[in-house]
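K.L.:
You'll find start.txt just under this line, and it carries compact mmCIF, C-alpha atoms.
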# COMPACT_ATOMS: atom_id res chain seq x y z
CA MET A 7 0.00 0.00 0.00
CA GLU A 8 1.55 3.28 -1.12
CA ILE A 9 1.13 6.19 1.28
CA LYS A 10 1.87 9.84 0.55
CA VAL A 11 1.31 12.63 3.08
CA ILE A 12 1.64 16.14 1.68
CA ILE A 13 3.32 18.74 3.90
CA ALA A 14 1.80 22.15 3.13
CA MET A 15 4.58 24.72 3.42
CA HIS A 16 5.29 28.22 2.21
CA LYS A 17 8.87 28.68 3.43
CA PRO A 18 11.97 26.55 4.15
CA TYR A 19 11.52 24.43 7.27
CA GLN A 20 12.71 21.10 8.60
CA VAL A 21 10.70 18.12 7.36
CA PRO A 22 10.49 14.48 8.51
CA VAL A 23 12.92 11.99 6.97
CA ASP A 24 10.27 9.30 6.45
CA ASP A 25 9.59 8.78 2.74
CA ILE A 26 5.81 8.89 3.18
CA TYR A 27 6.11 12.68 3.62
CA VAL A 28 6.11 14.87 0.51
CA PRO A 29 6.98 18.56 1.04
CA LEU A 30 4.78 20.77 -1.12
CA HIS A 31 5.18 24.49 -1.67
CA VAL A 32 1.59 25.78 -1.52
CA GLY A 33 0.70 29.06 -3.16
CA ALA A 34 3.77 28.60 -5.34
CA CYS A 35 2.28 30.39 -8.35
CA GLY A 36 4.55 33.35 -9.15
CA LYS A 37 6.84 32.64 -6.17
CA ALA A 38 10.49 31.57 -5.95
CA ASN A 39 10.94 27.86 -5.25
CA ILE A 40 11.56 26.66 -1.70
CA GLU A 41 14.84 24.85 -1.13
CA ILE A 42 15.51 22.33 1.64
CA ALA A 43 18.78 20.40 1.69
CA GLY A 44 18.32 16.78 0.68
CA LYS A 45 14.62 17.06 -0.18
CA LYS A 46 12.84 17.63 -3.46
CA ILE A 47 10.14 20.23 -2.97
CA LEU A 48 7.10 19.91 -5.20
CA THR A 49 5.12 23.02 -6.10
CA ASP A 50 1.34 23.25 -6.26
CA ASP A 51 1.38 25.26 -9.50
CA ASN A 52 2.11 22.24 -11.71
CA GLY A 53 -0.36 19.88 -13.35
CA ASP A 54 -4.04 20.36 -12.54
CA ASN A 55 -3.92 23.01 -9.81
CA ILE A 56 -5.53 25.99 -8.07
CA SER A 57 -2.29 27.44 -6.73
CA GLU A 58 -3.34 31.04 -7.43
CA LYS A 59 -6.23 30.63 -4.96
CA ASN A 60 -3.93 29.98 -2.01
CA PRO A 61 -4.52 33.42 -0.39
CA ASN A 62 -8.18 32.41 -0.03
CA TYR A 63 -8.00 28.61 0.14
CA CYS A 64 -4.91 28.29 2.37
CA GLU A 65 -3.56 24.72 2.55
CA LEU A 66 -6.45 23.44 0.44
CA THR A 67 -4.47 24.28 -2.70
CA GLY A 68 -2.12 21.54 -1.50
CA LEU A 69 -5.00 19.13 -0.95
CA TYR A 70 -6.30 19.88 -4.45
CA TYR A 71 -2.85 19.29 -5.93
CA ALA A 72 -2.54 15.95 -4.13
CA TRP A 73 -6.03 14.91 -5.24
CA LYS A 74 -5.34 15.66 -8.88
CA ASN A 75 -1.65 14.82 -9.23
CA ILE A 76 -0.48 12.31 -6.61
CA ALA A 77 -0.94 8.60 -7.34
CA ALA A 78 -1.12 6.63 -4.07
CA ASP A 79 -3.44 4.29 -2.20
CA VAL A 80 -3.54 6.63 0.79
CA ILE A 81 -3.11 10.42 0.65
CA GLY A 82 -2.91 12.89 3.53
CA LEU A 83 -2.30 16.52 4.34
CA VAL A 84 -0.38 17.99 7.29
CA HIS A 85 1.25 21.36 7.96
CA TYR A 86 4.93 22.20 8.13
CA ARG A 87 4.40 23.27 11.77
CA ARG A 88 1.76 20.70 12.76
CA TYR A 89 1.80 16.93 12.37
CA PHE A 90 0.04 13.82 13.54
CA THR A 91 1.80 11.87 16.27
CA ALA A 92 1.28 8.47 17.87
CA LYS A 93 3.67 9.27 20.71
CA LYS A 94 2.44 9.95 24.23
CA LEU A 95 3.10 13.33 25.85
CA SER A 96 5.70 11.83 28.20
CA TYR A 97 7.67 10.60 25.18
CA ARG A 98 7.31 13.89 23.30
CA LYS A 99 8.68 15.84 26.27
CA ARG A 100 11.90 13.79 26.19
CA HIS A 101 12.54 13.90 22.45
CA LYS A 102 12.97 16.42 19.68
CA PRO A 103 9.73 17.27 17.83
CA PHE A 104 10.61 15.62 14.53
CA GLU A 105 11.44 12.39 16.33
CA CYS A 106 7.80 12.21 17.38
CA VAL A 107 6.06 12.67 14.03
CA LEU A 108 3.79 9.83 12.92
CA ASP A 109 5.92 7.41 10.90
CA ASN A 110 5.13 4.84 8.23
CA ASN A 111 4.82 1.91 10.64
CA GLU A 112 2.55 3.83 13.03
CA LEU A 113 0.37 5.11 10.21
CA SER A 114 0.11 1.65 8.66
CA ALA A 115 -1.11 0.34 12.02
CA LEU A 116 -3.74 3.08 12.21
CA LEU A 117 -4.92 2.28 8.69
CA LYS A 118 -5.58 -1.30 9.75
CA ARG A 119 -8.10 0.15 12.19
CA GLY A 120 -9.68 2.76 9.97
CA ASP A 121 -10.12 4.23 6.51
CA ILE A 122 -9.82 7.89 7.48
CA ILE A 123 -7.41 9.41 10.01
CA VAL A 124 -8.48 12.68 11.65
CA PRO A 125 -7.01 14.90 14.39
CA ASN A 126 -8.28 14.53 17.94
CA LYS A 127 -11.30 16.76 18.39
CA ARG A 128 -10.87 20.34 19.50
CA LYS A 129 -13.44 21.05 22.22
CA TYR A 130 -15.00 24.49 22.57
CA TYR A 131 -17.31 23.62 25.49
CA ILE A 132 -19.22 26.93 25.65
CA GLU A 133 -19.43 27.45 21.88
CA SER A 134 -20.74 25.47 18.93
CA LEU A 135 -18.66 25.41 15.77
CA TYR A 136 -21.21 27.76 14.22
CA SER A 137 -21.37 30.25 17.09
CA HIS A 138 -17.59 30.28 17.44
CA TYR A 139 -17.22 31.10 13.75
CA CYS A 140 -19.85 33.83 14.01
CA HIS A 141 -18.19 35.38 17.06
CA THR A 142 -14.69 35.34 15.59
CA LEU A 143 -15.28 35.79 11.85
CA ASP A 144 -18.35 36.36 9.60
CA GLY A 145 -21.16 33.85 10.11
CA MET A 146 -22.57 34.70 6.70
CA HIS A 147 -19.89 32.42 5.23
CA LEU A 148 -21.37 29.37 6.95
CA ASP A 149 -24.93 30.41 6.11
CA LEU A 150 -23.99 30.62 2.45
CA ALA A 151 -22.17 27.29 2.58
CA ARG A 152 -25.29 25.67 4.04
CA GLU A 153 -27.46 27.09 1.25
CA ILE A 154 -25.09 25.66 -1.35
CA VAL A 155 -25.00 22.25 0.33
CA GLU A 156 -28.80 22.21 0.45
CA ASP A 157 -28.88 22.89 -3.29
CA LYS A 158 -25.96 20.77 -4.51
CA TYR A 159 -25.63 18.02 -1.88
CA PRO A 160 -28.93 17.77 0.03
CA GLU A 161 -27.87 14.38 1.42
CA TYR A 162 -25.22 16.24 3.43
CA LEU A 163 -27.54 18.88 4.90
CA GLU A 164 -28.41 17.09 8.16
CA TYR A 165 -24.72 16.52 8.77
CA VAL A 166 -23.88 20.16 8.14
CA ASP A 167 -26.47 21.10 10.76
CA LYS A 168 -25.04 18.56 13.19
CA ALA A 169 -21.53 19.90 12.63
CA TYR A 170 -22.66 23.52 13.06
CA ASN A 171 -24.36 22.64 16.36
CA SER A 172 -21.50 20.56 17.74
CA THR A 173 -19.29 21.99 20.50
CA SER A 174 -16.26 20.09 19.21
CA GLY A 175 -14.77 19.30 15.85
CA TYR A 176 -11.88 18.08 13.73
CA MET A 177 -9.92 21.16 12.75
CA PHE A 178 -6.79 22.23 10.83
CA ASN A 179 -7.83 20.70 7.45
CA MET A 180 -5.57 17.79 8.38
CA THR A 181 -6.47 14.24 7.41
CA ILE A 182 -5.10 11.04 5.93
CA MET A 183 -7.55 9.07 3.77
CA LYS A 184 -7.73 6.04 1.55
CA LYS A 185 -7.96 7.32 -2.01
CA GLN A 186 -11.64 6.55 -2.59
CA TYR A 187 -12.62 8.80 0.33
CA LEU A 188 -10.22 11.55 -0.72
CA ASP A 189 -11.85 11.55 -4.17
CA GLU A 190 -15.30 11.78 -2.61
CA TYR A 191 -14.40 14.46 -0.08
CA CYS A 192 -12.52 16.65 -2.55
CA SER A 193 -15.34 16.46 -5.08
CA PHE A 194 -17.73 17.64 -2.34
CA ILE A 195 -15.63 20.39 -0.77
CA PHE A 196 -14.21 21.95 -3.93
CA THR A 197 -17.63 22.00 -5.57
CA VAL A 198 -19.17 23.80 -2.58
CA LEU A 199 -16.29 26.27 -2.27
CA GLY A 200 -16.28 26.88 -6.02
CA VAL A 201 -19.95 27.88 -5.92
CA MET A 202 -19.25 30.08 -2.87
CA GLU A 203 -16.62 31.98 -4.84
CA GLY A 204 -19.24 33.02 -7.34
CA ARG A 205 -21.63 34.25 -4.65
CA ILE A 206 -19.38 36.24 -2.33
CA ASP A 207 -17.36 39.38 -3.01
CA ILE A 208 -13.91 39.11 -1.42
CA SER A 209 -12.37 42.04 -3.27
CA GLY A 210 -12.61 44.38 -0.29
CA LEU A 211 -11.36 41.95 2.36
CA ASP A 212 -7.98 42.19 4.04
CA ALA A 213 -5.55 39.29 3.70
CA PHE A 214 -6.62 37.64 6.97
CA SER A 215 -10.35 37.79 6.25
CA ALA A 216 -9.89 36.66 2.64
CA ARG A 217 -8.75 33.21 3.80
CA LEU A 218 -12.39 32.33 4.43
CA PHE A 219 -12.63 29.33 2.08
CA GLY A 220 -9.94 27.49 4.01
CA ARG A 221 -11.83 28.19 7.25
CA VAL A 222 -15.25 27.17 5.96
CA SER A 223 -13.77 23.87 4.79
CA GLU A 224 -12.69 23.06 8.36
CA ILE A 225 -16.34 23.08 9.41
CA LEU A 226 -17.64 21.25 6.36
CA PHE A 227 -15.01 18.55 6.85
CA ASN A 228 -16.84 17.66 10.06
CA ALA A 229 -20.07 17.23 8.12
CA TYR A 230 -18.31 14.84 5.75
CA ILE A 231 -16.91 12.79 8.63
CA LEU A 232 -20.30 12.62 10.37
CA LYS A 233 -21.85 11.30 7.17
CA LYS A 234 -19.14 8.68 6.73
CA ARG A 235 -19.63 7.51 10.32
CA ASP A 236 -23.32 7.00 9.64
CA GLU A 237 -22.30 4.90 6.62
CA SER A 238 -20.14 2.73 8.91
CA VAL A 239 -16.85 4.00 7.49
CA SER A 240 -14.20 3.57 10.18
CA ILE A 241 -12.74 6.87 11.44
CA VAL A 242 -9.63 6.90 13.64
CA GLU A 243 -8.58 9.90 15.72
CA CYS A 244 -4.89 10.67 16.15
CA ARG A 245 -3.11 13.23 18.29
CA THR A 246 -1.51 16.25 16.68
CA MET A 247 1.60 18.14 17.73
CA ASP A 248 2.92 21.62 17.05
CA MET A 249 6.56 21.96 16.10
CA GLU A 250 6.83 25.32 17.86
CA PRO A 251 5.50 26.52 21.24
CA VAL A 252 1.85 27.62 21.29
CA ASN A 253 0.78 30.73 23.20
CA TRP A 254 -2.31 29.23 24.83
CA LEU A 255 -2.98 32.31 26.97
CA LYS A 256 -3.25 34.42 23.83
CA LYS A 257 -5.54 31.85 22.20
CA ILE A 258 -7.82 31.58 25.22
CA TRP A 259 -8.03 35.35 25.62
CA GLY A 260 -8.89 35.76 21.93
CA PHE A 261 -11.59 33.09 22.25
CA LEU A 262 -13.17 34.74 25.32
CA ALA A 263 -12.87 38.27 23.94
CA ALA A 264 -14.70 37.20 20.79
CA LYS A 265 -17.51 35.44 22.65
CA PHE A 266 -18.16 37.96 25.41
CA PHE A 267 -16.97 41.28 23.97
CA GLY A 268 -17.63 40.87 20.25
CA LYS A 269 -13.96 41.24 19.32
CA LYS A 270 -13.49 39.54 15.93
CA TYR A 271 -10.26 37.84 14.98
CA THR A 272 -8.01 40.03 12.85
CA LYS A 273 -4.97 37.75 12.73
CA SER A 274 -3.99 34.16 13.40
CA MET A 275 -3.73 33.26 17.07
Show how you would write the structure in this file as structure tokens.

P.N.:
Amino acid sequence: MEIKVIIAMHKPYQVPVDDIYVPLHVGACGKANIEIAGKKILTDDNGDNISEKNPNYCELTGLYYAWKNIAADVIGLVHYRRYFTAKKLSYRKRHKPFECVLDNNELSALLKRGDIIVPNKRKYYIESLYSHYCHTLDGMHLDLAREIVEDKYPEYLEYVDKAYNSTSGYMFNMTIMKKQYLDEYCSFIFTVLGVMEGRIDISGLDAFSARLFGRVSEILFNAYILKKRDESVSIVECRTMDMEPVNWLKKIWGFLAAKFFGKKYTKSM
């Protein structure tokens, strides 16, 4: 079984040595190539691609590239600063970050248990995915996405509603899937987002706000997973790890300020 996990990256950064990982320069259209010693860096502006949409689609231009151009039995997407890991926290504290990244053997074991690998759920407790999006960004994006799903994929509508009302979800646009599910998911998500593009004016948005399609997809991914669960597709959760320290105080304050004081996000936390 051939496995390829795309690493979405926009600048030089250390990458895992395991051959299942494929560094991919996302948003490469019109940019200088990234160079990393000892590693060939693919660019998402070759073949069938949407590289020029990266400012709005974020890492999804990498997912699209993998869907259309990578031949493998299993395809995944991670970030250059965030990976899946099978290692316990006690192990991760004693070792360097890249020694703890999910490797081929660990991933192969997970794939014996499930068809789709997802991150452990992020829990919001006092917010639903919908209300959190509305408090921090522009809820109209999700309302529009729901309208499009109702029109184009009505069989998904109940799962979109369940995802919107859930107080936890699978975030980051990270996943590893057997190819048949990647084909199905990408057909769904890129159709919905493509219709959204034609119905929303992003010309006046700043760079942070214009990344809305990548954010909407995080929520819709949960609808897809809920539907697959109902169809008895096996889903396996896996821990994630950040390669750099996370300022949790800043994140928590931003979350609370948005909910209770109406302070929208204006930059990544």

K.L.:
So what do you get for atom CA of Asn179 of chain A versus atom CA of Leu30 of chain A, distance-wise?

P.N.:
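Calculated distance between atom CA of Asn179 of chain A and atom CA of Leu30 of chain A is 15.2 Å.
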
K.L.:
Report, as lines of an AutoDock Vina configuration file, the axis-aligned box around all atoms of segment 129-142 of chain A present in the file, extended by 8 Å on each side; give centre and edge lengths in Å to one decimal place.

P.N.:
center_x = -17.4
center_y = 28.2
center_z = 19.7
size_x = 23.9
size_y = 30.3
size_z = 27.9

K.L.:
Against segment 242-263 of chain A, which residues of segment 163-183 of chain A fall within 12 Å? For each one I want the closest pair of atoms and the distance in Å (one decimal), counting all atoms listed in the file, rows by chain and increasing residue number, as CSV.

P.N.:
residue,atom,partner,partner_atom,distance
A:Gly175,CA,A:Glu243,CA,11.3
A:Tyr176,CA,A:Glu243,CA,9.0
A:Met177,CA,A:Thr246,CA,10.5
A:Phe178,CA,A:Thr246,CA,9.9
A:Met180,CA,A:Thr246,CA,9.4
A:Thr181,CA,A:Cys244,CA,9.6
A:Ile182,CA,A:Val242,CA,9.9
A:Met183,CA,A:Val242,CA,10.3

K.L.:
Name the residues in contact with Met7 of chain A at a cut-off of 10 Å, using only C-alpha atoms, excluding same-chain residues fewer than 5 positions from it; report them as a ChimeraX atom specification.

P.N.:
/A:78-80,114,184

K.L.:
When you look at Tyr63 of chain A with a cut-off of 8 Å (counting all atoms listed in the file), what residues show up, excluding the ones that are within fewer than 4 positions of it in the same chain? I need them as a ChimeraX atom specification.

P.N.:
/A:59,67,217-220

K.L.:
Point out the residue among A:Leu211, A:Ile122, A:Leu188, A:Ile13 with the least atom-to-atom distance to Arg235 of chain A, counting only C-alpha atoms.

P.N.:
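Under the stated criterion, the closest residue is A:Ile122.
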
K.L.:
Nearest to Met202 of chain A among A:Glu8, A:Glu153, A:Asp189, A:Glu164, with distances taken over all atoms listed in the file: which residue is it?

P.N.:
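Closest to Met202 of chain A, using all atoms listed in the file: A:Glu153.
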
K.L.:
Counting all atoms listed in the file, note down every residue that has an atom within 7 Å of the point (-22.2, 16.4, 2.7) (file coordinates), as a ChimeraX atom specification.

P.N.:
/A:155,159,161-163,165-166,194,229-230,233

K.L.:
Of the candidates A:Met146, A:Ala115, A:Ala38, A:Ile81, which shows the shortest atom-to-atom distance to Ile26 of chain A, using all atoms listed in the file?

P.N.:
A:Ile81

K.L.:
Smallest atom-to-atom distance to Leu108 of chain A: which of A:Ser96, A:Val23, A:Ile47, A:Tyr130, using all atoms listed in the file?

P.N.:
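Counting all atoms listed in the file, the residue closest to Leu108 of chain A is A:Val23.
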
K.L.:
Measuring atom to atom with all atoms listed in the file, identify which of A:Ala169, A:Ala216, A:Leu232, A:Met15 is nearest to Asn39 of chain A.

P.N.:
A:Met15

K.L.:
Using the incomplete input, complete segment 157-187 of chain A to the level of N, CA and C atoms; output as a tab-separated table (two decimals), in the frame of the given file.

P.N.:
chain	number	residue	atom	x	y	z
A	157	ASP	N	-28.58	22.92	-1.86
A	157	ASP	CA	-28.88	22.89	-3.29
A	157	ASP	C	-28.12	21.79	-4.02
A	158	LYS	N	-26.82	21.67	-3.74
A	158	LYS	CA	-25.96	20.77	-4.51
A	158	LYS	C	-25.83	19.37	-3.90
A	159	TYR	N	-25.83	19.30	-2.58
A	159	TYR	CA	-25.63	18.02	-1.88
A	159	TYR	C	-26.64	17.89	-0.74
A	160	PRO	N	-27.93	17.81	-1.04
A	160	PRO	CA	-28.93	17.77	0.03
A	160	PRO	C	-28.76	16.60	1.00
A	161	GLU	N	-28.11	15.53	0.54
A	161	GLU	CA	-27.87	14.38	1.42
A	161	GLU	C	-26.88	14.70	2.55
A	162	TYR	N	-26.18	15.82	2.41
A	162	TYR	CA	-25.22	16.24	3.43
A	162	TYR	C	-25.84	17.23	4.43
A	163	LEU	N	-27.02	17.75	4.13
A	163	LEU	CA	-27.54	18.88	4.90
A	163	LEU	C	-27.70	18.57	6.38
A	164	GLU	N	-28.25	17.41	6.73
A	164	GLU	CA	-28.41	17.09	8.16
A	164	GLU	C	-27.07	17.02	8.88
A	165	TYR	N	-26.03	16.63	8.15
A	165	TYR	CA	-24.72	16.52	8.77
A	165	TYR	C	-24.04	17.88	8.91
A	166	VAL	N	-24.34	18.78	7.98
A	166	VAL	CA	-23.88	20.16	8.14
A	166	VAL	C	-24.51	20.77	9.39
A	167	ASP	N	-25.80	20.56	9.58
A	167	ASP	CA	-26.47	21.10	10.76
A	167	ASP	C	-25.90	20.50	12.04
A	168	LYS	N	-25.63	19.20	12.02
A	168	LYS	CA	-25.04	18.56	13.19
A	168	LYS	C	-23.66	19.13	13.49
A	169	ALA	N	-22.87	19.34	12.44
A	169	ALA	CA	-21.53	19.90	12.63
A	169	ALA	C	-21.62	21.33	13.17
A	170	TYR	N	-22.50	22.14	12.60
A	170	TYR	CA	-22.66	23.52	13.06
A	170	TYR	C	-23.04	23.57	14.54
A	171	ASN	N	-23.86	22.64	14.98
A	171	ASN	CA	-24.36	22.64	16.36
A	171	ASN	C	-23.45	21.94	17.35
A	172	SER	N	-22.42	21.29	16.86
A	172	SER	CA	-21.50	20.56	17.74
A	172	SER	C	-20.58	21.52	18.48
A	173	THR	N	-20.23	21.18	19.72
A	173	THR	CA	-19.29	21.99	20.50
A	173	THR	C	-17.85	21.47	20.39
A	174	SER	N	-17.61	20.57	19.47
A	174	SER	CA	-16.26	20.09	19.21
A	174	SER	C	-16.14	19.70	17.75
A	175	GLY	N	-14.92	19.65	17.25
A	175	GLY	CA	-14.77	19.30	15.85
A	175	GLY	C	-13.34	18.99	15.48
A	176	TYR	N	-13.20	18.40	14.29
A	176	TYR	CA	-11.88	18.08	13.73
A	176	TYR	C	-11.42	19.28	12.91
A	177	MET	N	-10.36	19.92	13.36
A	177	MET	CA	-9.92	21.16	12.75
A	177	MET	C	-8.62	20.99	11.97
A	178	PHE	N	-8.11	22.09	11.47
A	178	PHE	CA	-6.79	22.23	10.83
A	178	PHE	C	-6.76	21.79	9.36
A	179	ASN	N	-7.86	21.26	8.81
A	179	ASN	CA	-7.83	20.70	7.45
A	179	ASN	C	-6.78	19.61	7.32
A	180	MET	N	-6.51	18.91	8.40
A	180	MET	CA	-5.57	17.79	8.38
A	180	MET	C	-6.33	16.47	8.34
A	181	THR	N	-5.87	15.57	7.48
A	181	THR	CA	-6.47	14.24	7.41
A	181	THR	C	-5.56	13.32	6.61
A	182	ILE	N	-5.74	12.05	6.76
A	182	ILE	CA	-5.10	11.04	5.93
A	182	ILE	C	-6.20	10.05	5.54
A	183	MET	N	-6.41	9.86	4.25
A	183	MET	CA	-7.55	9.07	3.77
A	183	MET	C	-7.13	8.05	2.72
A	184	LYS	N	-7.83	6.93	2.70
A	184	LYS	CA	-7.73	6.04	1.55
A	184	LYS	C	-8.30	6.77	0.34
A	185	LYS	N	-7.73	6.50	-0.82
A	185	LYS	CA	-7.96	7.32	-2.01
A	185	LYS	C	-9.43	7.48	-2.37
A	186	GLN	N	-10.24	6.44	-2.20
A	186	GLN	CA	-11.64	6.55	-2.59
A	186	GLN	C	-12.37	7.62	-1.78
A	187	TYR	N	-11.98	7.79	-0.51
A	187	TYR	CA	-12.62	8.80	0.33
A	187	TYR	C	-12.07	10.18	0.02
